[in-house]
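Just below is one structure, and these are the notes that go with it.
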Amino acid sequence: MSKPSLPQGTRDFSADVVRKRQYILNTIRNVYESCGFEPLETPAMENLDTLMGKYGEEGDKLIFKILNNGLDNPSKHDQARTDFETILSGKNSKGLTERALRYDLTIPFARYVAMNHGKLTFPFKRYQMQPVWRADRPQRGRYREFWQCDADVVGSTSLLNEVELATIYQQVFEKLGINVSIRINNRKILAALAHTAGGADRLTDITVAIDKLDKIGLEKVKEELISKGLSTEQIQIIEQYLSISGSSSEKLQQAEALLGQDADAQKGLEELRYILSFFSDTVEIDLTLARGLNYYTGTIFEVKALDVQMGSIGGGGRYDDLTGLFGVPGVPGVGISFGVDRIYDVLEELKRMPDHLNAGPTALFFNMGEQESQTAFRILMELRKAGISGELYHEPAKFDKQFKYAERKNIRYAVFIGSQEIESQTAEVKDLQTGIKEKIPFGALAARLAGR
RNA sequence: GAGGGUGUAGCUCAGCUGGUUAGAGCAUCAGAUUGUGGUUCUGAGGGUCGUGGGUUCGAGCCCCAUCAUCCUCCCCA
């Protein structure tokens, strides 16, 4: 028997971690609910067809595929070998795998909308908080199983949706006490740039390259563009674009000057201007923001934590026709996502996790003997009915041990019910934080411990 | 997919240019202490040094392979 272990990039969550994660999830959920979003849950696995081709070439590789059942059936061995060859040649084979773990929550949502568009009331606002899986190489801030918290509005082209989603970012991170920069851009502007630079078909290459500007610098970006086969003139236009700086409104002006004659650029700039008019300085324009998922067509969002080195902790954008991929055209939408696991890491690193989260049950009843514990247990049951959490130590043991147990479980009150207490029908209650002892009649215990 | 670091007790780690029987702190258990903890003291248990080869009189230490894990790039949350 080998030592038990976890699959790479996955984690167990102990009690204190679960409580902290719940705190983050609840904070996000409450804001979503307050904005009228409805919950949705979808299966951990989807048909492979549903997911393939939606996240770009890189994304396809990172989808966890599930091996079909029944391959051990000898009559299928020949077929399985043929299918395996097909996969090795870079194609997919339904014979070996036709299901996969979901890679994000947006595509499953689009699939859901496409399947149910006749029943839904539009605009349809849903939120979804579930784990997703990626066959990525784990590293800091990157896991193979992690949670996303998405909110999307479909069936509306109104930019008020973008505004609302940006305010959700603001609210959640304010509640969590994380300083963030919320940056927006518009894919239409990037499309216009690619078009103006004479490489409309190179949109992806161009956006991927310029997205790295603040990370690798202008020279390296140019190198990458050259290596992608762009001409000097093309790169010159892109360089002008990248040199745009200043406040958000200044950026808008300069971008207008550079790309203004392009209709797409006009539209994109207008949209950014509208969204920005709702915010003072908490939302800023970043013309180099690109984001990888290739279904975005309009506004794109990205949120990064200030004060800490971590990838983006939230992102999203507008897509014109996501359900079109599933045969239901004409359902535009926009959505955002929170990366819970990274938010957790940020909160821990900044030591901003509230300390009230790891409170244990309210009371530990000390076990002071077989006889006495029967009375103690009865009284404990009454407390529980009154909504007070507590437990009875599982066996008579030295006080030292029982105290330590209470301490480790962050239990606030020790309740002593021994022969003397039973005689007087009065429990002794010790506040383990202050050390103060108090005698409380059995009948008054629930009332005294309520709300503590 | 490319590159680097690290694997020694339950946990965090020492372990000298290769040299007797591999250590510490914390944790666990027992006792000092049979009804009031967090301190202190005493004692105990616990290790095929990730795994498999090789070099050597001798390997935790050097070499090769392999597995695991962490980090960087790519990409992303």
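By convention in this document, the chains of the structure tokens carry letters A, B, ... by their order, each chain's residues are numbered from 1, and ligands are numbered from 1 in the order they are shown.
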
Would you please give, as a compact mmCIF listing (two decimals) with C-alpha atoms, in the first residue's frame, all residues of range 9-191 of chain A that DSSP assigns to helix (DSSP H, G or I) based on the backbone?
```
# COMPACT_ATOMS: atom_id res chain seq x y z
CA ALA A 15 -12.20 23.49 9.05
CA ASP A 16 -10.57 26.89 9.37
CA VAL A 17 -9.90 27.10 5.65
CA VAL A 18 -13.44 26.11 4.77
CA ARG A 19 -14.79 28.81 7.08
CA LYS A 20 -12.62 31.46 5.47
CA ARG A 21 -13.62 30.32 2.00
CA GLN A 22 -17.27 30.38 3.00
CA TYR A 23 -16.80 33.94 4.16
CA ILE A 24 -15.54 34.95 0.71
CA LEU A 25 -18.26 32.99 -1.08
CA ASN A 26 -20.99 34.45 1.12
CA THR A 27 -19.73 37.98 0.57
CA ILE A 28 -19.90 37.53 -3.19
CA ARG A 29 -23.23 35.70 -3.05
CA ASN A 30 -24.84 38.43 -0.99
CA VAL A 31 -23.84 41.12 -3.44
CA TYR A 32 -25.01 39.04 -6.41
CA GLU A 33 -28.36 38.39 -4.74
CA SER A 34 -28.76 42.06 -3.87
CA LEU A 48 -16.55 17.25 -24.69
CA ASP A 49 -18.16 18.80 -27.77
CA THR A 50 -19.67 21.49 -25.58
CA LEU A 51 -16.27 22.63 -24.38
CA GLY A 56 -8.66 28.68 -28.07
CA GLU A 57 -6.02 26.14 -28.91
CA GLU A 58 -4.27 26.45 -25.54
CA GLY A 59 -7.54 26.07 -23.73
CA ASP A 60 -8.44 22.86 -25.53
CA LYS A 61 -5.22 21.29 -24.28
CA LEU A 62 -5.99 22.29 -20.71
CA PRO A 74 -12.00 -6.95 -24.89
CA SER A 75 -14.30 -6.55 -27.90
CA LYS A 76 -13.52 -2.84 -27.92
CA HIS A 77 -9.76 -3.09 -27.71
CA ASP A 78 -9.10 -2.77 -31.44
CA GLN A 79 -11.36 0.25 -31.72
CA ALA A 80 -9.74 1.80 -28.63
CA ARG A 81 -6.29 1.43 -30.21
CA THR A 82 -7.46 3.12 -33.39
CA ASP A 83 -9.02 5.94 -31.38
CA PHE A 84 -5.87 6.35 -29.39
CA GLU A 85 -3.88 6.81 -32.60
CA THR A 86 -6.40 9.46 -33.64
CA ILE A 87 -5.81 11.35 -30.40
CA LEU A 88 -2.04 11.10 -30.76
CA THR A 106 -19.40 30.68 -18.83
CA ILE A 107 -19.59 28.02 -21.53
CA PRO A 108 -21.73 25.66 -19.44
CA PHE A 109 -23.96 28.66 -18.79
CA ALA A 110 -24.19 29.40 -22.51
CA ARG A 111 -25.09 25.75 -23.08
CA TYR A 112 -27.77 26.05 -20.41
CA VAL A 113 -29.22 29.21 -21.95
CA ALA A 114 -29.22 27.63 -25.39
CA MET A 115 -31.11 24.63 -24.04
CA ASN A 116 -33.61 26.68 -22.06
CA LEU A 160 -25.94 49.50 -17.79
CA ASN A 161 -25.14 45.83 -17.30
CA GLU A 162 -21.43 46.58 -17.57
CA VAL A 163 -21.87 49.40 -15.09
CA GLU A 164 -23.71 47.15 -12.66
CA LEU A 165 -21.07 44.44 -12.91
CA ALA A 166 -18.31 46.96 -12.26
CA THR A 167 -20.12 48.13 -9.14
CA ILE A 168 -20.30 44.51 -8.00
CA TYR A 169 -16.51 44.32 -8.20
CA GLN A 170 -16.31 47.53 -6.20
CA GLN A 171 -18.70 46.34 -3.52
CA VAL A 172 -17.26 42.89 -3.04
CA PHE A 173 -13.67 44.01 -2.75
CA GLU A 174 -14.62 46.86 -0.48
CA LYS A 175 -16.41 44.40 1.81
CA LEU A 176 -13.44 42.07 1.74
CA ARG A 187 -12.31 44.42 -27.87
CA LYS A 188 -13.68 46.63 -30.62
CA ILE A 189 -10.78 49.00 -30.11
CA LEU A 190 -8.32 46.14 -30.29
CA ALA A 191 -10.03 44.90 -33.45
```

Inset, instruction - For chain B, work out the contacting residues on chain A at 6 Å, counting only C-alpha atoms (C1' of nucleotides), and write them as a list in words. - result: Ile313, Gly339, Asp400 and Phe403 of chain A

Put those residues in a file: all heavy atoms, as a PDB file, in the first residue's frame.
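Contents of the output file result29.pdb:
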```pdb
ATOM      1  N   ILE A 313      -7.510  38.589 -10.102  1.00  0.00           N
ATOM      2  CA  ILE A 313      -8.410  37.909  -9.179  1.00  0.00           C
ATOM      3  C   ILE A 313      -9.854  38.024  -9.653  1.00  0.00           C
ATOM      4  O   ILE A 313     -10.768  37.605  -8.962  1.00  0.00           O
ATOM      5  CB  ILE A 313      -8.281  38.461  -7.738  1.00  0.00           C
ATOM      6  CG1 ILE A 313      -8.473  39.968  -7.708  1.00  0.00           C
ATOM      7  CG2 ILE A 313      -6.915  38.112  -7.176  1.00  0.00           C
ATOM      8  CD1 ILE A 313      -8.400  40.554  -6.306  1.00  0.00           C
ATOM      9  N   GLY A 339     -12.120  35.002  -8.808  1.00  0.00           N
ATOM     10  CA  GLY A 339     -11.278  33.842  -8.534  1.00  0.00           C
ATOM     11  C   GLY A 339     -11.105  33.663  -7.030  1.00  0.00           C
ATOM     12  O   GLY A 339     -10.234  34.255  -6.408  1.00  0.00           O
ATOM     13  N   ASP A 400      -7.022  18.951  32.410  1.00  0.00           N
ATOM     14  CA  ASP A 400      -5.994  19.434  31.511  1.00  0.00           C
ATOM     15  C   ASP A 400      -6.334  19.095  30.058  1.00  0.00           C
ATOM     16  O   ASP A 400      -6.288  19.938  29.172  1.00  0.00           O
ATOM     17  CB  ASP A 400      -4.680  18.778  31.934  1.00  0.00           C
ATOM     18  CG  ASP A 400      -3.527  19.221  31.067  1.00  0.00           C
ATOM     19  OD1 ASP A 400      -3.251  20.436  31.072  1.00  0.00           O
ATOM     20  OD2 ASP A 400      -2.950  18.372  30.375  1.00  0.00           O
ATOM     21  N   PHE A 403      -9.584  20.920  28.853  1.00  0.00           N
ATOM     22  CA  PHE A 403      -9.304  22.336  28.582  1.00  0.00           C
ATOM     23  C   PHE A 403      -8.582  22.502  27.253  1.00  0.00           C
ATOM     24  O   PHE A 403      -8.893  23.378  26.455  1.00  0.00           O
ATOM     25  CB  PHE A 403      -8.433  22.932  29.694  1.00  0.00           C
ATOM     26  CG  PHE A 403      -9.227  23.487  30.844  1.00  0.00           C
ATOM     27  CD1 PHE A 403      -9.078  22.975  32.120  1.00  0.00           C
ATOM     28  CD2 PHE A 403     -10.114  24.531  30.642  1.00  0.00           C
ATOM     29  CE1 PHE A 403      -9.814  23.487  33.174  1.00  0.00           C
ATOM     30  CE2 PHE A 403     -10.844  25.052  31.701  1.00  0.00           C
ATOM     31  CZ  PHE A 403     -10.694  24.524  32.972  1.00  0.00           C
TER      32      PHE A 403
END
```

Inset, instruction - Name all residues at most 10 Å from range 12-25 of chain B (count only C-alpha atoms (C1' of nucleotides); drop same-chain ones fewer than 6 positions away) and give them as a PyMOL selection string. - result: chain B and resi 47+49+56+58-62

Inset, instruction - Write out as JSON, numbers by chain the residues lying within 12 Å of Ala194 in chain A, counting only C-alpha atoms (C1' of nucleotides) and excluding same-chain residues fewer than 6 positions away. - result: {"A": [187, 188, 200, 201, 202, 203, 204, 205, 206, 207, 208, 209, 210, 225, 230, 234, 235, 237, 238, 241, 259, 262, 264, 265]}

Inset, instruction - Would you work out the distance separating CA of Asn69 in chain A from CA of Glu98 in chain A, expressed in Å to one decimal? - result: 10.1 Å
